[in-house]
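Colleague: Please find one structure pasted underneath; my questions will follow.
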Protein chains: 2
Amino acid sequence: MKTPEELVARFREQGYKVTPQRQLIFRLLNGNTAHPTAETLYEVAAQQMPGISLRTVYQTLSELSAMGEVQHIDLGSGAVRFDPNVDDHHHVVCSTCGVVHDVYVNQTPLQFEGDVEGFAVHSTRIVFSGECAQCAHLSA
Amino acid sequence: MKTPEELVARFREQGYKVTPQRQLIFRLLNGNTAHPTAETLYEVAAQQMPGISLRTVYQTLSELSAMGEVQHIDLGSGAVRFDPNVDDHHHVVCSTCGVVHDVYVNQTPLQFEGDVEGFAVHSTRIVFSGECAQCAHLSA
DNA sequence: TGCTAATCAACAAGTCGTGCTAACTAACAG
DNA sequence: CTGTTAGTTAGCACGACTTGTTGATTAGCA
Ligand SMILES: [Mn+2]
Ligand SMILES: [Mn+2]
Ligand SMILES: [Zn+2]
Ligand SMILES: [Zn+2]
């Protein structure tokens, strides 16, 4: 993701107003590796800006997503997660605690076999599920 | 997935009754490569058995899932899809028409890098997104 | 300064899936 | 064959997540 300052510039280019709410969300996303949901991002935002609405958080995330500055990741377990890391990367997910971490796979593009003549692959998403070190430690 | 006859036996073993509804769903899933949702499976079922309820379709799919006879696939776009193919395989999804096909990747297990010391991978899910041959043909 | 987008609260709606109840049906054990 | 009880159904509600709407207020920016 771009820096908060760059995002401010991009929003102005697009004719979007640069509000304190949007700037706060830019800052909260900057370097954020937690893969937060809109809800969890809202909770943090509300501490620094009481009165900000969940609606606004959703809206700003949608705008950022439409601009390609964040990606949204649906792991099929509850709410969509937002990711300011838009590099070509993948994820490991702990089935126990739900933590999500970035991983990089360098064998891509992957080869596959199947009844898919002429299919043009645009993107590949890989999710590794398992148990993180902390959860393994606790359950031992 | 097991054959309808084998599923009948498994259900009896588990103490589940073998109803016409369940048997119909077994048959509809047998060899089904469409990755249907509960809803689409219900629509087909209702043609052969008017009066069957969506509730029953959901319930039977849950039972089959709990027994490991089907897997459910959440592609993050609408309803969960059910897959009677429980082999180790992956999926290509057409972004245009939504069709899902099975693919097999033989480079697994995949190597990855990241800040994930001690993470124990239990499963890997790969989704290739793009455009199928039919959609490419139509848009050309 | 003024236009207008943005925000907010409040409420509704949509989708997907499950929970619950009450009545009826039918599978299967004895 | 019969009785028990699981299964099914309709109907309604609810829950999670997300978006739509409306109307009033605020504030960004030209
Ligand atoms: Mn990520
Ligand atoms: Mn499949
Ligand atoms: Zn964990
Ligand atoms: Zn297609």
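Just so we're on the same page: first chain in the structure tokens is A, next is B, and so on; residues restart at 1 for each chain, and ligands are numbered from 1 in the order they show up.
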Kindly compile the residues surrounding ligand 1 within 7 Å, counting only C-alpha atoms (C1' of nucleotides) and all ligand atoms, and format them as a list of chain:residue names.
Modeller: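 What falls inside 7 Å of ligand 1 is A:Thr33, A:His35, A:Asp83, A:Asn85, A:His89, A:His90, A:His91, A:His101, A:Asp102.
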Colleague: What would the file look like if the residues just selected were written as a short mmCIF file (atom, residue, chain, number, x, y, z; two decimals), in the first residue's frame with C-alpha atoms?
Modeller:
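For reference, again_20.cif as written:
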data_model
loop_
_atom_site.label_atom_id
_atom_site.label_comp_id
_atom_site.auth_asym_id
_atom_site.auth_seq_id
_atom_site.Cartn_x
_atom_site.Cartn_y
_atom_site.Cartn_z
CA THR A 33 0.18 -6.91 8.88
CA HIS A 35 -5.14 -8.53 8.06
CA ASP A 83 -4.77 -6.36 3.39
CA ASN A 85 -0.03 -5.57 1.25
CA HIS A 89 1.80 -13.00 -1.87
CA HIS A 90 -0.16 -15.69 -0.10
CA HIS A 91 -1.31 -16.58 3.40
CA HIS A 101 0.48 -14.20 8.10
CA ASP A 102 1.93 -13.31 4.74
#
Colleague: Which residues sit within 7 Å of ligand 4, counting only C-alpha atoms (C1' of nucleotides) and all ligand atoms, listed as number ranges by chain?
Modeller: B: 94-99, 131-135
Colleague: Pull the closest atom pair for each residue of chain B that gets at most 12 Å from ligand 2, along with the distance in Å to one decimal, counting only C-alpha atoms and all ligand atoms, ordering rows by chain and then ascending residue number, as a Markdown table.
Modeller:
| residue | atom | partner | partner_atom_place_in_ligand_line | distance |
| --- | --- | --- | --- | --- |
| B:Met1 | CA | ligand 2 | 1 (Mn) | 11.1 |
| B:Leu29 | CA | ligand 2 | 1 (Mn) | 12.0 |
| B:Gly31 | CA | ligand 2 | 1 (Mn) | 10.8 |
| B:Asn32 | CA | ligand 2 | 1 (Mn) | 9.4 |
| B:Thr33 | CA | ligand 2 | 1 (Mn) | 6.8 |
| B:Ala34 | CA | ligand 2 | 1 (Mn) | 8.2 |
| B:His35 | CA | ligand 2 | 1 (Mn) | 6.4 |
| B:Pro36 | CA | ligand 2 | 1 (Mn) | 10.1 |
| B:Val70 | CA | ligand 2 | 1 (Mn) | 9.7 |
| B:Gln71 | CA | ligand 2 | 1 (Mn) | 8.4 |
| B:His72 | CA | ligand 2 | 1 (Mn) | 9.2 |
| B:Ile73 | CA | ligand 2 | 1 (Mn) | 8.1 |
| B:Asp74 | CA | ligand 2 | 1 (Mn) | 11.4 |
| B:Leu75 | CA | ligand 2 | 1 (Mn) | 11.6 |
| B:Arg81 | CA | ligand 2 | 1 (Mn) | 9.2 |
| B:Phe82 | CA | ligand 2 | 1 (Mn) | 8.3 |
| B:Asp83 | CA | ligand 2 | 1 (Mn) | 5.4 |
| B:Pro84 | CA | ligand 2 | 1 (Mn) | 7.4 |
| B:Asn85 | CA | ligand 2 | 1 (Mn) | 5.5 |
| B:Val86 | CA | ligand 2 | 1 (Mn) | 7.4 |
| B:Asp87 | CA | ligand 2 | 1 (Mn) | 8.2 |
| B:Asp88 | CA | ligand 2 | 1 (Mn) | 8.9 |
| B:His89 | CA | ligand 2 | 1 (Mn) | 6.5 |
| B:His90 | CA | ligand 2 | 1 (Mn) | 6.3 |
| B:His91 | CA | ligand 2 | 1 (Mn) | 6.1 |
| B:Val92 | CA | ligand 2 | 1 (Mn) | 9.0 |
| B:Val93 | CA | ligand 2 | 1 (Mn) | 10.5 |
| B:Val99 | CA | ligand 2 | 1 (Mn) | 11.2 |
| B:Val100 | CA | ligand 2 | 1 (Mn) | 7.6 |
| B:His101 | CA | ligand 2 | 1 (Mn) | 6.3 |
| B:Asp102 | CA | ligand 2 | 1 (Mn) | 4.6 |
| B:Val103 | CA | ligand 2 | 1 (Mn) | 7.6 |
| B:Tyr104 | CA | ligand 2 | 1 (Mn) | 9.6 |
| B:Arg125 | CA | ligand 2 | 1 (Mn) | 10.9 |
| B:Ile126 | CA | ligand 2 | 1 (Mn) | 11.0 |
| B:Val127 | CA | ligand 2 | 1 (Mn) | 10.5 |
Colleague: Could you please select, counting only C-alpha atoms (C1' of nucleotides), the residues of chain C within 10 Å of chain A and state them as a list in words?
Modeller: DA5, DA6, DT7, DC8 and DA9 of chain C
Colleague: I need the chosen residues saved as an mmCIF file, in the first residue's frame, with N, CA and C atoms (P, O5', C5', C4', C3', O3' and C1' of nucleotides).
Modeller:
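Contents of selection31.cif, as written:
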data_model
loop_
_atom_site.group_PDB
_atom_site.id
_atom_site.type_symbol
_atom_site.label_atom_id
_atom_site.label_comp_id
_atom_site.auth_asym_id
_atom_site.auth_seq_id
_atom_site.Cartn_x
_atom_site.Cartn_y
_atom_site.Cartn_z
ATOM 1 P P DA C 5 -21.153 16.546 -4.821
ATOM 2 O "O5'" DA C 5 -20.067 15.618 -4.131
ATOM 3 C "C5'" DA C 5 -18.742 16.099 -4.061
ATOM 4 C "C4'" DA C 5 -18.134 15.770 -2.714
ATOM 5 C "C3'" DA C 5 -18.331 14.319 -2.294
ATOM 6 O "O3'" DA C 5 -17.106 13.871 -1.764
ATOM 7 C "C1'" DA C 5 -19.187 15.750 -0.615
ATOM 8 P P DA C 6 -16.889 12.404 -1.352
ATOM 9 O "O5'" DA C 6 -17.118 12.484 0.227
ATOM 10 C "C5'" DA C 6 -16.309 13.369 0.980
ATOM 11 C "C4'" DA C 6 -16.720 13.310 2.424
ATOM 12 C "C3'" DA C 6 -16.961 11.904 2.956
ATOM 13 O "O3'" DA C 6 -16.143 11.732 4.097
ATOM 14 C "C1'" DA C 6 -18.760 13.335 3.518
ATOM 15 P P DT C 7 -16.047 10.382 4.822
ATOM 16 O "O5'" DT C 7 -17.032 10.608 6.058
ATOM 17 C "C5'" DT C 7 -16.787 11.688 6.931
ATOM 18 C "C4'" DT C 7 -17.964 11.858 7.863
ATOM 19 C "C3'" DT C 7 -18.397 10.562 8.570
ATOM 20 O "O3'" DT C 7 -18.106 10.701 9.955
ATOM 21 C "C1'" DT C 7 -20.251 11.857 7.783
ATOM 22 P P DC C 8 -18.224 9.455 10.863
ATOM 23 O "O5'" DC C 8 -19.691 9.613 11.475
ATOM 24 C "C5'" DC C 8 -20.053 10.844 12.083
ATOM 25 C "C4'" DC C 8 -21.540 10.833 12.388
ATOM 26 C "C3'" DC C 8 -22.031 9.472 12.884
ATOM 27 O "O3'" DC C 8 -22.438 9.575 14.241
ATOM 28 C "C1'" DC C 8 -23.461 10.385 11.162
ATOM 29 P P DA C 9 -22.751 8.226 15.002
ATOM 30 O "O5'" DA C 9 -24.342 8.280 15.123
ATOM 31 C "C5'" DA C 9 -25.012 9.530 15.247
ATOM 32 C "C4'" DA C 9 -26.501 9.303 15.089
ATOM 33 C "C3'" DA C 9 -26.993 7.965 15.634
ATOM 34 O "O3'" DA C 9 -28.252 8.150 16.244
ATOM 35 C "C1'" DA C 9 -27.460 8.103 13.315
#
Colleague: Select, from B:Val116, B:Ser123, B:Ser129, B:Val57, the residue with the minimum atom-to-atom distance to ligand 3, counting only C-alpha atoms and all ligand atoms.
Modeller: B:Val116
Colleague: Can you list, as a list in words, every protein, DNA or RNA residue that comes within 12 Å of C:DG14 when you count only C-alpha atoms (C1' of nucleotides), leaving out same-chain residues fewer than 4 positions away?
Modeller: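 Listing them by chain and then by number gives Gly78 of chain B; DC17, DT18, DT19 and DG20 of chain D.
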Colleague: Can you build me a table of chain B residues sitting at most 12 Å from ligand 3, with the closest atom pair per residue and its distance in Å to one decimal, using only C-alpha atoms and all ligand atoms, sorted by chain and residue number, as a Markdown table?
Modeller:
| residue | atom | partner | partner_atom_place_in_ligand_line | distance |
| --- | --- | --- | --- | --- |
| B:Val116 | CA | ligand 3 | 1 (Zn) | 10.9 |
| B:Glu117 | CA | ligand 3 | 1 (Zn) | 11.9 |
| B:Gly118 | CA | ligand 3 | 1 (Zn) | 10.7 |
| B:Phe119 | CA | ligand 3 | 1 (Zn) | 8.7 |
| B:Ala120 | CA | ligand 3 | 1 (Zn) | 10.1 |
| B:Val121 | CA | ligand 3 | 1 (Zn) | 11.6 |
Colleague: Rounded to one decimal, what separation in Å do you get between atom CA of A:Gln14 and atom CA of A:Met67?
Modeller: 9.6 Å
Colleague: Give the helix (DSSP H, G or I) residues of chain A, as DSSP finds them on the backbone, and put them as a VMD selection string.
Modeller: chain A and resid 4 to 13 20 to 29 38 to 48 54 to 66 133 to 139
Colleague: Record the distance separating atom C1' of C:DG17 and atom CA of B:Arg10, expressed in Å with one decimal.
Modeller: 25.8 Å
Colleague: If you run DSSP on the backbone, which residues of stretch 4-106 of chain A are strand (DSSP E), as a ChimeraX atom specification?
Modeller: /A:71-73,81-83,90-94,100-104
Colleague: Atoms to include: N, CA, C and O atoms. Write the selected residues as a compact mmCIF listing (two decimals), in the first residue's frame.
Modeller:
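Result file result-v5.txt:
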# COMPACT_ATOMS: atom_id res chain seq x y z
N GLN A 71 -6.24 -5.13 -0.75
CA GLN A 71 -6.99 -6.25 -1.28
C GLN A 71 -7.87 -6.80 -0.17
O GLN A 71 -7.56 -6.63 1.00
N HIS A 72 -8.96 -7.40 -0.57
CA HIS A 72 -9.75 -8.04 0.47
C HIS A 72 -9.66 -9.54 0.31
O HIS A 72 -9.69 -10.10 -0.79
N ILE A 73 -9.52 -10.18 1.47
CA ILE A 73 -9.25 -11.61 1.53
C ILE A 73 -10.41 -12.27 2.24
O ILE A 73 -10.71 -11.95 3.38
N ARG A 81 -11.30 -9.96 5.35
CA ARG A 81 -10.14 -9.29 5.91
C ARG A 81 -9.54 -8.37 4.85
O ARG A 81 -9.57 -8.69 3.67
N PHE A 82 -8.99 -7.28 5.31
CA PHE A 82 -8.40 -6.31 4.39
C PHE A 82 -6.89 -6.32 4.54
O PHE A 82 -6.35 -6.45 5.65
N ASP A 83 -6.22 -6.20 3.41
CA ASP A 83 -4.77 -6.36 3.39
C ASP A 83 -4.12 -5.22 2.62
O ASP A 83 -4.29 -5.11 1.41
N HIS A 90 0.86 -14.73 -0.52
CA HIS A 90 -0.16 -15.69 -0.10
C HIS A 90 -0.24 -15.72 1.42
O HIS A 90 0.40 -14.89 2.08
N HIS A 91 -1.03 -16.64 1.96
CA HIS A 91 -1.31 -16.58 3.40
C HIS A 91 -1.28 -17.93 4.09
O HIS A 91 -1.68 -18.93 3.50
N VAL A 92 -0.81 -17.89 5.32
CA VAL A 92 -1.00 -19.03 6.22
C VAL A 92 -2.01 -18.60 7.28
O VAL A 92 -1.99 -17.46 7.74
N VAL A 93 -2.87 -19.51 7.62
CA VAL A 93 -3.95 -19.22 8.58
C VAL A 93 -3.93 -20.28 9.66
O VAL A 93 -3.93 -21.48 9.36
N CYS A 94 -3.89 -19.84 10.90
CA CYS A 94 -3.96 -20.80 12.01
C CYS A 94 -5.42 -21.16 12.26
O CYS A 94 -6.24 -20.28 12.52
N VAL A 100 -3.43 -14.63 10.72
CA VAL A 100 -3.08 -14.71 9.30
C VAL A 100 -1.72 -14.07 9.09
O VAL A 100 -1.49 -12.95 9.57
N HIS A 101 -0.82 -14.77 8.41
CA HIS A 101 0.48 -14.20 8.10
C HIS A 101 0.74 -14.27 6.60
O HIS A 101 0.27 -15.17 5.92
N ASP A 102 1.52 -13.31 6.14
CA ASP A 102 1.93 -13.31 4.74
C ASP A 102 3.01 -14.36 4.50
O ASP A 102 3.90 -14.54 5.34
N VAL A 103 2.92 -15.00 3.35
CA VAL A 103 4.00 -15.85 2.89
C VAL A 103 4.21 -15.64 1.40
O VAL A 103 3.31 -15.20 0.68
N TYR A 104 5.41 -15.95 0.99
CA TYR A 104 5.77 -15.77 -0.41
C TYR A 104 6.15 -17.12 -1.01
O TYR A 104 6.93 -17.86 -0.41
Colleague: How many Å lie between atom CA of A:Val105 and atom CA of B:Phe112, rounded to one decimal?
Modeller: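 About the pair atom CA of A:Val105 and atom CA of B:Phe112: they are 4.7 Å apart.
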Colleague: At a cut-off of 12 Å, using only C-alpha atoms (C1' of nucleotides), what residues contact D:DT21? Leave out same-chain residues fewer than 4 positions from it and give the result as an NGL selection string.
Modeller: :C and (10-13)
Colleague: Please identify every residue of chain D that has at least one atom no more than 8 Å from any atom of chain A, counting only C-alpha atoms (C1' of nucleotides), and report them as a PDB file with C-alpha atoms (C1' of nucleotides), in the first residue's frame.
Modeller:
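Generated output (iface_36.pdb):
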ATOM      1  C1'  DA D  16     -23.508 -12.377  11.028  1.00  0.00           C
ATOM      2  C1'  DC D  17     -21.877  -9.483   7.601  1.00  0.00           C
ATOM      3  C1'  DG D  28     -13.228  20.087   2.734  1.00  0.00           C
ATOM      4  C1'  DC D  29     -11.806  22.641  -0.871  1.00  0.00           C
TER       5       DC D  29
END
Colleague: Rank nothing, just name the residue among A:Leu110, A:Leu138, A:Leu54, A:Pro20 nearest to D:DA27, using only C-alpha atoms (C1' of nucleotides).
Modeller: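 Closest residue, counting only C-alpha atoms (C1' of nucleotides): A:Pro20.
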Colleague: Would you mind listing what lies within 12 Å of C:DG30 as a ChimeraX atom specification, with only C-alpha atoms (C1' of nucleotides) counted and same-chain residues fewer than 3 positions away left out?
Modeller: /D:1-4
Colleague: Restricting it to N, CA and C atoms (P, O5', C5', C4', C3', O3' and C1' of nucleotides), dump the selection as a PDB file, in the first residue's frame.
Modeller:
ATOM      1  P    DC D   1     -48.964 -57.100   7.859  1.00  0.00           P
ATOM      2  O5'  DC D   1     -49.218 -56.864   9.394  1.00  0.00           O
ATOM      3  C5'  DC D   1     -48.418 -57.696  10.288  1.00  0.00           C
ATOM      4  C4'  DC D   1     -48.462 -57.054  11.638  1.00  0.00           C
ATOM      5  C3'  DC D   1     -49.035 -55.642  11.691  1.00  0.00           C
ATOM      6  O3'  DC D   1     -49.723 -55.526  12.932  1.00  0.00           O
ATOM      7  C1'  DC D   1     -46.755 -55.581  12.304  1.00  0.00           C
ATOM      8  P    DT D   2     -50.633 -54.267  13.258  1.00  0.00           P
ATOM      9  O5'  DT D   2     -49.754 -53.611  14.398  1.00  0.00           O
ATOM     10  C5'  DT D   2     -49.050 -54.470  15.305  1.00  0.00           C
ATOM     11  C4'  DT D   2     -48.136 -53.622  16.150  1.00  0.00           C
ATOM     12  C3'  DT D   2     -48.580 -52.173  16.334  1.00  0.00           C
ATOM     13  O3'  DT D   2     -48.416 -51.834  17.694  1.00  0.00           O
ATOM     14  C1'  DT D   2     -46.373 -52.229  15.493  1.00  0.00           C
ATOM     15  P    DG D   3     -48.935 -50.477  18.287  1.00  0.00           P
ATOM     16  O5'  DG D   3     -47.556 -49.906  18.838  1.00  0.00           O
ATOM     17  C5'  DG D   3     -46.659 -50.794  19.525  1.00  0.00           C
ATOM     18  C4'  DG D   3     -45.350 -50.069  19.787  1.00  0.00           C
ATOM     19  C3'  DG D   3     -45.525 -48.629  20.261  1.00  0.00           C
ATOM     20  O3'  DG D   3     -44.541 -48.381  21.249  1.00  0.00           O
ATOM     21  C1'  DG D   3     -44.343 -48.647  18.188  1.00  0.00           C
ATOM     22  P    DT D   4     -44.581 -47.018  22.043  1.00  0.00           P
ATOM     23  O5'  DT D   4     -43.151 -46.475  21.623  1.00  0.00           O
ATOM     24  C5'  DT D   4     -42.042 -47.377  21.654  1.00  0.00           C
ATOM     25  C4'  DT D   4     -40.867 -46.781  20.891  1.00  0.00           C
ATOM     26  C3'  DT D   4     -40.540 -45.332  21.249  1.00  0.00           C
ATOM     27  O3'  DT D   4     -39.147 -45.244  21.439  1.00  0.00           O
ATOM     28  C1'  DT D   4     -40.790 -45.542  18.917  1.00  0.00           C
TER      29       DT D   4
END
